[in-house]
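Visitor: Sharing final-v7.cif below, mmCIF, C-alpha atoms:
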```
data_my_file
loop_
_atom_site.label_atom_id
_atom_site.label_comp_id
_atom_site.auth_asym_id
_atom_site.auth_seq_id
_atom_site.Cartn_x
_atom_site.Cartn_y
_atom_site.Cartn_z
CA MET A 18 35.53 -13.68 -32.41
CA VAL A 19 34.74 -16.42 -34.93
CA ASP A 20 37.63 -18.76 -34.21
CA CYS A 21 38.48 -17.52 -30.73
CA ARG A 22 39.83 -19.67 -27.94
CA LEU A 23 37.03 -20.48 -25.48
CA CYS A 24 37.16 -19.82 -21.74
CA GLU A 25 35.63 -21.82 -18.95
CA THR A 26 35.32 -18.98 -16.46
CA PRO A 27 34.10 -15.42 -17.10
CA ILE A 28 36.98 -13.68 -15.36
CA ASP A 29 40.57 -14.34 -14.33
CA LEU A 30 41.13 -15.87 -10.93
CA LYS A 31 43.41 -13.07 -9.81
CA HIS A 32 42.53 -10.25 -12.13
CA ARG A 33 44.23 -6.95 -11.42
CA LEU A 34 41.77 -4.67 -13.16
CA GLU A 35 41.90 -1.11 -11.97
CA ASN A 36 41.81 2.39 -13.37
CA ASP A 37 44.95 2.66 -15.44
CA GLU A 38 45.74 6.11 -16.68
CA GLU A 39 48.68 5.17 -18.92
CA GLY A 40 47.13 2.25 -20.80
CA ALA A 41 46.25 2.39 -24.47
CA THR A 42 42.91 4.11 -25.02
CA THR A 43 40.04 2.29 -26.59
CA ASP A 44 36.78 3.29 -28.27
CA LYS A 45 34.68 4.57 -25.37
CA GLY A 46 31.35 4.32 -27.18
CA GLN A 47 32.00 0.75 -28.28
CA TYR A 48 33.01 -0.29 -24.76
CA GLN A 49 29.94 1.30 -23.20
CA ARG A 50 27.54 -0.28 -25.70
CA LEU A 51 29.14 -3.68 -25.22
CA VAL A 52 29.06 -3.57 -21.42
CA GLY A 53 25.52 -2.15 -21.50
CA LYS A 54 24.39 -5.26 -23.34
CA LEU A 55 26.25 -7.50 -20.90
CA ILE A 56 24.49 -5.80 -17.98
CA TYR A 57 21.20 -6.66 -19.64
CA LEU A 58 22.28 -10.26 -20.04
CA ALA A 59 23.38 -10.44 -16.40
CA HIS A 60 19.73 -10.12 -15.35
CA THR A 61 19.24 -13.78 -16.21
CA ARG A 62 22.80 -15.06 -15.82
CA PRO A 63 24.16 -15.01 -12.27
CA ASP A 64 27.40 -16.64 -13.48
CA ILE A 65 28.57 -13.45 -15.19
CA ALA A 66 27.25 -11.08 -12.51
CA TYR A 67 30.64 -10.58 -10.91
CA ALA A 68 32.58 -10.17 -14.15
CA VAL A 69 30.04 -7.62 -15.41
CA SER A 70 30.19 -5.68 -12.15
CA VAL A 71 33.97 -5.48 -12.52
CA VAL A 72 34.10 -4.34 -16.15
CA SER A 73 31.29 -1.82 -15.67
CA GLN A 74 33.42 0.06 -13.15
CA PHE A 75 35.53 1.44 -16.00
CA MET A 76 32.75 2.77 -18.21
CA HIS A 77 33.92 6.38 -17.82
CA ASN A 78 37.49 5.75 -18.95
CA PRO A 79 37.93 2.35 -20.57
CA LYS A 80 41.42 1.21 -21.55
CA ASP A 81 42.68 -1.66 -23.61
CA SER A 82 43.20 -3.89 -20.55
CA HIS A 83 39.51 -3.50 -19.65
CA LEU A 84 38.42 -4.27 -23.19
CA GLN A 85 40.50 -7.45 -23.08
CA ALA A 86 38.58 -8.51 -19.95
CA VAL A 87 35.30 -7.92 -21.79
CA TYR A 88 36.55 -10.03 -24.70
CA ARG A 89 37.44 -12.77 -22.25
CA LEU A 90 33.89 -12.62 -20.91
CA LEU A 91 32.56 -12.89 -24.47
CA ARG A 92 34.73 -15.97 -25.00
CA TYR A 93 33.18 -17.48 -21.89
CA LEU A 94 29.68 -16.67 -23.16
CA LYS A 95 30.46 -18.37 -26.44
CA PHE A 96 31.57 -21.43 -24.51
CA THR A 97 28.37 -21.53 -22.43
CA HIS A 98 25.68 -20.26 -24.78
CA GLY A 99 22.33 -21.75 -23.84
CA LYS A 100 23.14 -21.89 -20.13
CA GLY A 101 20.35 -20.73 -17.86
CA ILE A 102 18.64 -21.29 -14.55
CA LEU A 103 16.47 -24.37 -14.53
CA TYR A 104 13.65 -24.29 -11.99
CA THR A 105 12.65 -27.68 -10.69
CA ASN A 106 10.18 -28.80 -8.06
CA ARG A 107 12.12 -30.11 -5.08
CA GLY A 108 9.04 -30.58 -2.97
CA ASN A 109 9.60 -27.78 -0.50
CA LEU A 110 9.39 -24.01 -0.23
CA ASN A 111 12.27 -23.25 2.09
CA LEU A 112 13.56 -19.72 1.97
CA GLU A 113 17.32 -19.63 2.27
CA CYS A 114 19.87 -16.93 1.88
CA TYR A 115 23.63 -17.24 1.44
CA THR A 116 25.69 -14.18 2.29
CA ASP A 117 29.37 -13.44 2.07
CA ALA A 118 31.69 -10.51 1.80
CA ASP A 119 35.05 -9.97 0.18
CA TYR A 120 36.86 -7.71 2.60
CA VAL A 121 38.91 -5.02 0.82
CA GLY A 122 38.71 -6.76 -2.52
CA ALA A 123 39.35 -3.62 -4.57
CA LEU A 124 43.03 -2.75 -4.55
CA THR A 125 42.88 0.96 -5.24
CA ASP A 126 40.09 2.25 -3.04
CA ARG A 127 40.08 -0.62 -0.52
CA ARG A 128 36.37 -1.08 -0.59
CA SER A 129 34.72 -4.38 0.17
CA THR A 130 32.34 -6.37 -1.96
CA SER A 131 29.27 -7.92 -0.43
CA GLY A 132 27.01 -10.42 -2.07
CA TYR A 133 24.03 -12.60 -1.36
CA CYS A 134 21.75 -15.00 -3.17
CA THR A 135 18.36 -16.27 -2.05
CA LEU A 136 16.97 -19.67 -2.86
CA LEU A 137 13.29 -20.55 -2.71
CA GLY A 138 12.76 -24.27 -2.44
CA GLY A 139 16.29 -24.93 -3.66
CA ASN A 140 15.87 -22.72 -6.74
CA LEU A 141 17.83 -19.55 -7.21
CA VAL A 142 15.52 -16.54 -7.33
CA THR A 143 17.48 -13.40 -6.50
CA TRP A 144 21.12 -12.52 -6.22
CA ARG A 145 23.12 -9.39 -5.89
CA ASN A 146 26.63 -8.20 -5.52
CA LYS A 147 27.63 -4.75 -4.50
CA LYS A 148 31.02 -3.15 -4.22
CA MET B 26 34.89 1.61 3.71
CA SER B 27 34.82 -1.25 6.19
CA ARG B 28 37.23 -1.27 9.10
CA SER B 29 37.05 -4.98 9.71
CA SER B 30 36.08 -8.07 7.80
CA ALA B 31 33.30 -8.61 10.34
CA GLU B 32 31.84 -5.26 9.38
CA ALA B 33 31.82 -6.22 5.70
CA GLU B 34 30.20 -9.50 6.63
CA PHE B 35 27.52 -7.77 8.71
CA ARG B 36 26.77 -5.49 5.78
CA SER B 37 26.11 -8.37 3.44
CA MET B 38 24.09 -10.20 6.08
CA ALA B 39 21.88 -7.16 6.50
CA LEU B 40 21.44 -6.91 2.72
CA GLY B 41 20.52 -10.60 2.65
CA ILE B 42 17.92 -10.10 5.37
CA TYR B 43 16.33 -7.19 3.49
CA GLU B 44 15.93 -9.51 0.53
CA LEU B 45 14.44 -12.30 2.66
CA LEU B 46 11.91 -9.89 4.13
CA TRP B 47 10.92 -8.78 0.63
CA MET B 48 10.52 -12.38 -0.49
CA LYS B 49 8.34 -13.07 2.52
CA ILE B 50 6.05 -10.18 1.59
CA ILE B 51 5.78 -11.49 -1.98
CA LEU B 52 4.95 -14.97 -0.73
CA GLU B 53 2.28 -13.52 1.55
CA ASP B 54 0.82 -11.65 -1.42
CA LEU B 55 0.63 -14.98 -3.20
CA ARG B 56 -1.15 -16.37 -0.11
CA ILE B 57 1.60 -18.81 0.71
CA LYS B 58 1.88 -19.22 4.45
CA TRP B 59 5.40 -19.45 5.73
CA ASP B 60 5.97 -19.41 9.48
CA GLU B 61 9.26 -21.21 9.91
CA PRO B 62 12.37 -19.12 10.30
CA MET B 63 14.21 -18.30 7.09
CA LYS B 64 17.76 -19.58 6.94
CA LEU B 65 20.66 -17.22 6.56
CA TYR B 66 23.98 -18.84 5.73
CA CYS B 67 27.24 -17.18 6.58
CA ASP B 68 30.76 -18.59 6.41
CA LYS B 69 32.21 -16.71 9.35
CA LYS B 70 31.66 -18.21 12.78
CA SER B 71 32.74 -15.13 14.70
CA VAL B 72 30.09 -12.99 13.02
CA ILE B 73 27.36 -15.48 13.93
CA ALA B 74 28.65 -15.54 17.49
CA ILE B 75 28.60 -11.75 17.74
CA ALA B 76 25.07 -11.60 16.34
CA HIS B 77 23.88 -14.13 18.92
CA ASN B 78 25.78 -12.67 21.86
CA PRO B 79 23.34 -11.01 24.28
CA VAL B 80 26.11 -8.75 25.59
CA GLN B 81 27.04 -6.22 22.93
CA HIS B 82 30.36 -4.72 23.82
CA ASP B 83 32.31 -1.71 22.60
CA LYS B 84 34.70 -3.72 20.44
CA THR B 85 32.01 -4.03 17.80
CA LYS B 86 30.55 -0.57 18.24
CA HIS B 87 31.45 0.57 14.73
CA VAL B 88 29.04 -1.85 13.11
CA GLU B 89 26.12 -0.76 15.26
CA VAL B 90 23.22 -0.32 12.83
CA ASP B 91 23.65 -3.53 10.86
CA ARG B 92 24.38 -5.52 13.99
CA HIS B 93 21.28 -4.33 15.82
CA PHE B 94 19.13 -4.90 12.75
CA ILE B 95 20.35 -8.49 12.44
CA LYS B 96 19.92 -9.06 16.18
CA GLU B 97 16.38 -7.73 16.12
CA LYS B 98 15.36 -10.10 13.32
CA LEU B 99 17.13 -13.01 15.03
CA GLU B 100 15.33 -12.43 18.29
CA SER B 101 11.93 -12.11 16.66
CA GLY B 102 12.45 -15.60 15.22
CA LEU B 103 12.09 -14.44 11.61
CA ILE B 104 15.49 -15.72 10.59
CA CYS B 105 18.07 -18.11 11.92
CA THR B 106 21.71 -18.04 11.06
CA SER B 107 23.72 -21.11 10.30
CA TYR B 108 27.32 -21.67 9.53
CA VAL B 109 28.29 -22.88 6.08
CA PRO B 110 31.89 -23.99 5.42
CA THR B 111 33.73 -21.99 2.79
CA GLY B 112 33.75 -24.95 0.44
CA GLU B 113 29.95 -24.97 0.28
CA GLN B 114 29.53 -21.23 0.06
CA LEU B 115 27.51 -20.41 -3.07
CA VAL B 116 28.08 -16.67 -3.14
CA ASP B 117 31.76 -16.93 -4.02
CA ILE B 118 31.07 -16.58 -7.75
CA LEU B 119 29.30 -13.27 -7.07
CA ILE B 120 32.11 -11.59 -5.18
CA LYS B 121 35.39 -12.85 -6.58
CA GLY B 122 37.05 -14.72 -9.39
CA VAL B 123 37.16 -18.45 -8.67
CA GLN B 124 38.91 -21.50 -10.08
CA ASN B 125 37.47 -23.61 -12.86
CA HIS B 126 36.25 -26.57 -10.83
CA VAL B 127 34.86 -24.40 -8.02
CA PHE B 128 32.97 -22.34 -10.59
CA LYS B 129 31.40 -25.41 -12.20
CA ASN B 130 30.52 -26.92 -8.84
CA ILE B 131 28.72 -23.77 -7.66
CA LEU B 132 26.82 -23.39 -10.93
CA ASP B 133 25.59 -26.96 -10.57
CA LYS B 134 24.35 -26.23 -7.07
CA LEU B 135 22.62 -23.05 -8.22
CA GLY B 136 20.76 -25.04 -10.86
CA MET B 137 22.40 -23.42 -13.87
CA LYS B 138 22.32 -25.90 -16.70
CA ASP B 139 22.63 -26.02 -20.43
CA LEU B 140 18.94 -25.62 -21.24
CA PHE B 141 19.26 -27.00 -24.76
CA HIS B 142 21.24 -30.06 -23.79
CA PRO B 143 19.25 -33.25 -24.46
CA ALA B 144 18.79 -34.72 -20.99
#
```
With the file now loaded, output its structure as structure tokens.

Guide:
Amino acid sequence: MVDCRLCETPIDLKHRLENDEEGATTDKGQYQRLVGKLIYLAHTRPDIAYAVSVVSQFMHNPKDSHLQAVYRLLRYLKFTHGKGILYTNRGNLNLECYTDADYVGALTDRRSTSGYCTLLGGNLVTWRNKK
Amino acid sequence: MSRSSAEAEFRSMALGIYELLWMKIILEDLRIKWDEPMKLYCDKKSVIAIAHNPVQHDKTKHVEVDRHFIKEKLESGLICTSYVPTGEQLVDILIKGVQNHVFKNILDKLGMKDLFHPA
């Protein structure tokens, strides 16, 4: 990963990640440790929340295609190291919530993804996405 | 599994309201008074219309629990829903892969910055 090409987004625009039974196997332990650390990082980085939620769906049977997606995410993180949420005083304490849903986003099981983020006084405080 | 996109949208609206109610409790614990309605943004006009419609008909029967929950909170004046065009929707980066410029734009709006960058 020393001289890798950097990425500007954490995940492909139209990624087709799903359970693939035929793909080349990969080291399960390594994959799980790697994604486990990314989940920890996602607590303070909403930008990778979606990508992490996608790659963590394959923890039980990771294949090479999934590992490539994780590497892509790592390339993004290298590009944006030091990024974080900056809280600033905007002079108000309005509570706002943005909600949206991706209807039947998952191709195989046709389940939807819902997500929301709440802003307190214009600052992001909580967010969540759930398949 | 959702049977309509409206159902999926209702689900995420309900989840958003849960979060707002939690935040309100935390603010009250911190003795911050907050009486104005909390804003809930949604990018689907039909869902807002259904939530506001006093007549609840059978066509939306399958989303009963979420719909009634949202309606109850709307009527009590705790929250108010507003429409946000898809271009200004901030949640997109949490539910799907987006293009480069959209991604950067949303991160700017969310206040994500390079913390070590000399301003």

Visitor: Evaluate the PyMOL selection byres ((chain B) within 8 of (chain A)) here and jot the selected residues down as an NGL selection string.

Guide: :B and (26-27 or 29-30 or 33-34 or 36-38 or 40-42 or 44-45 or 63-68 or 114-125 or 128 or 132 or 135-141)

Visitor: Which value, in Å to one decimal, gives the distance between atom CA of B:Pro110 and atom CA of B:Lys69?

Guide: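 Value for the atom CA of B:Pro110-atom CA of B:Lys69 distance: 8.3 Å.
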
Visitor: Atom CA of A:Tyr48 and atom CA of A:Asn36, how far apart in Å?

Guide: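 Interatomic distance, atom CA of A:Asn36 to atom CA of A:Tyr48: 14.6 Å.
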
Visitor: Report, in Å to a single decimal, how far apart atom CA of B:Asn78 and atom CA of B:Glu100 are.

Guide: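 Separation of atom CA of B:Glu100 and atom CA of B:Asn78: 11.0 Å.
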
Visitor: Using the chain letters and numbering of this document, enumerate as a count of residues only the residues selected by the PyMOL selection byres ((chain A and resi 40) around 12).

Guide: 17

Visitor: Is it possible to get the axis-aligned box enclosing stretch 77-91 of chain A (all listed atoms, 8 Å extra per side) as JSON, with centre and edge lengths in Å rounded to one decimal?

Guide:
```
{"center_x": 37.9, "center_y": -3.3, "center_z": -21.3, "size_x": 26.6, "size_y": 35.3, "size_z": 22.9}
```

Visitor: Have a look at B:His77, B:Val88, B:Lys129, B:His93 and name the one nearest to B:Arg28; count all atoms listed in the file.

Guide: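 Counting all atoms listed in the file, the residue closest to B:Arg28 is B:Val88.
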
Visitor: May I have the residues at most 10 Å from (35.9, -19.0, -28.3) in the file's coordinates, counting all atoms listed in the file, as a PyMOL selection string?

Guide: chain A and resi 18-25+88-97

Visitor: Identify, on the basis of only C-alpha atoms, every residue whose closest approach to stretch 96-99 of chain B does not exceed 10 Å; exclude the query and any residue fewer than 2 positions from it along the same chain; express the result as a list in words.

Guide: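 Those residues are Ala39, Ile42, Leu46, Pro62, Met63, Ile75, Ala76, His77, Asn78, Pro79, Val90, Asp91, Arg92, His93, Phe94, Ser101, Gly102, Leu103, Ile104, Cys105 and Thr106 of chain B.
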
Visitor: Would you mind writing stretch 86-97 of chain B with N, CA and C atoms, as a PDB file, in the frame of the given file?

Guide:
```pdb
ATOM      1  N   LYS B  86      31.424  -1.724  18.251  1.00  0.00           N
ATOM      2  CA  LYS B  86      30.550  -0.570  18.240  1.00  0.00           C
ATOM      3  C   LYS B  86      30.398   0.037  16.834  1.00  0.00           C
ATOM      4  N   HIS B  87      31.464  -0.086  16.031  1.00  0.00           N
ATOM      5  CA  HIS B  87      31.450   0.570  14.730  1.00  0.00           C
ATOM      6  C   HIS B  87      30.510  -0.088  13.733  1.00  0.00           C
ATOM      7  N   VAL B  88      29.960  -1.232  14.056  1.00  0.00           N
ATOM      8  CA  VAL B  88      29.040  -1.850  13.110  1.00  0.00           C
ATOM      9  C   VAL B  88      27.613  -1.826  13.670  1.00  0.00           C
ATOM     10  N   GLU B  89      27.326  -0.774  14.455  1.00  0.00           N
ATOM     11  CA  GLU B  89      26.120  -0.760  15.260  1.00  0.00           C
ATOM     12  C   GLU B  89      24.814  -1.029  14.511  1.00  0.00           C
ATOM     13  N   VAL B  90      24.550  -0.258  13.450  1.00  0.00           N
ATOM     14  CA  VAL B  90      23.220  -0.320  12.830  1.00  0.00           C
ATOM     15  C   VAL B  90      22.931  -1.700  12.265  1.00  0.00           C
ATOM     16  N   ASP B  91      23.865  -2.213  11.461  1.00  0.00           N
ATOM     17  CA  ASP B  91      23.650  -3.530  10.860  1.00  0.00           C
ATOM     18  C   ASP B  91      23.511  -4.599  11.922  1.00  0.00           C
ATOM     19  N   ARG B  92      24.370  -4.498  12.953  1.00  0.00           N
ATOM     20  CA  ARG B  92      24.380  -5.520  13.990  1.00  0.00           C
ATOM     21  C   ARG B  92      23.051  -5.552  14.736  1.00  0.00           C
ATOM     22  N   HIS B  93      22.544  -4.366  15.083  1.00  0.00           N
ATOM     23  CA  HIS B  93      21.280  -4.330  15.820  1.00  0.00           C
ATOM     24  C   HIS B  93      20.121  -4.801  14.965  1.00  0.00           C
ATOM     25  N   PHE B  94      20.183  -4.456  13.666  1.00  0.00           N
ATOM     26  CA  PHE B  94      19.130  -4.900  12.750  1.00  0.00           C
ATOM     27  C   PHE B  94      19.094  -6.419  12.680  1.00  0.00           C
ATOM     28  N   ILE B  95      20.280  -7.029  12.531  1.00  0.00           N
ATOM     29  CA  ILE B  95      20.350  -8.490  12.440  1.00  0.00           C
ATOM     30  C   ILE B  95      19.860  -9.122  13.729  1.00  0.00           C
ATOM     31  N   LYS B  96      20.296  -8.543  14.867  1.00  0.00           N
ATOM     32  CA  LYS B  96      19.920  -9.060  16.180  1.00  0.00           C
ATOM     33  C   LYS B  96      18.408  -9.021  16.379  1.00  0.00           C
ATOM     34  N   GLU B  97      17.821  -7.908  15.966  1.00  0.00           N
ATOM     35  CA  GLU B  97      16.380  -7.730  16.120  1.00  0.00           C
ATOM     36  C   GLU B  97      15.627  -8.831  15.377  1.00  0.00           C
TER      37      GLU B  97
END
```
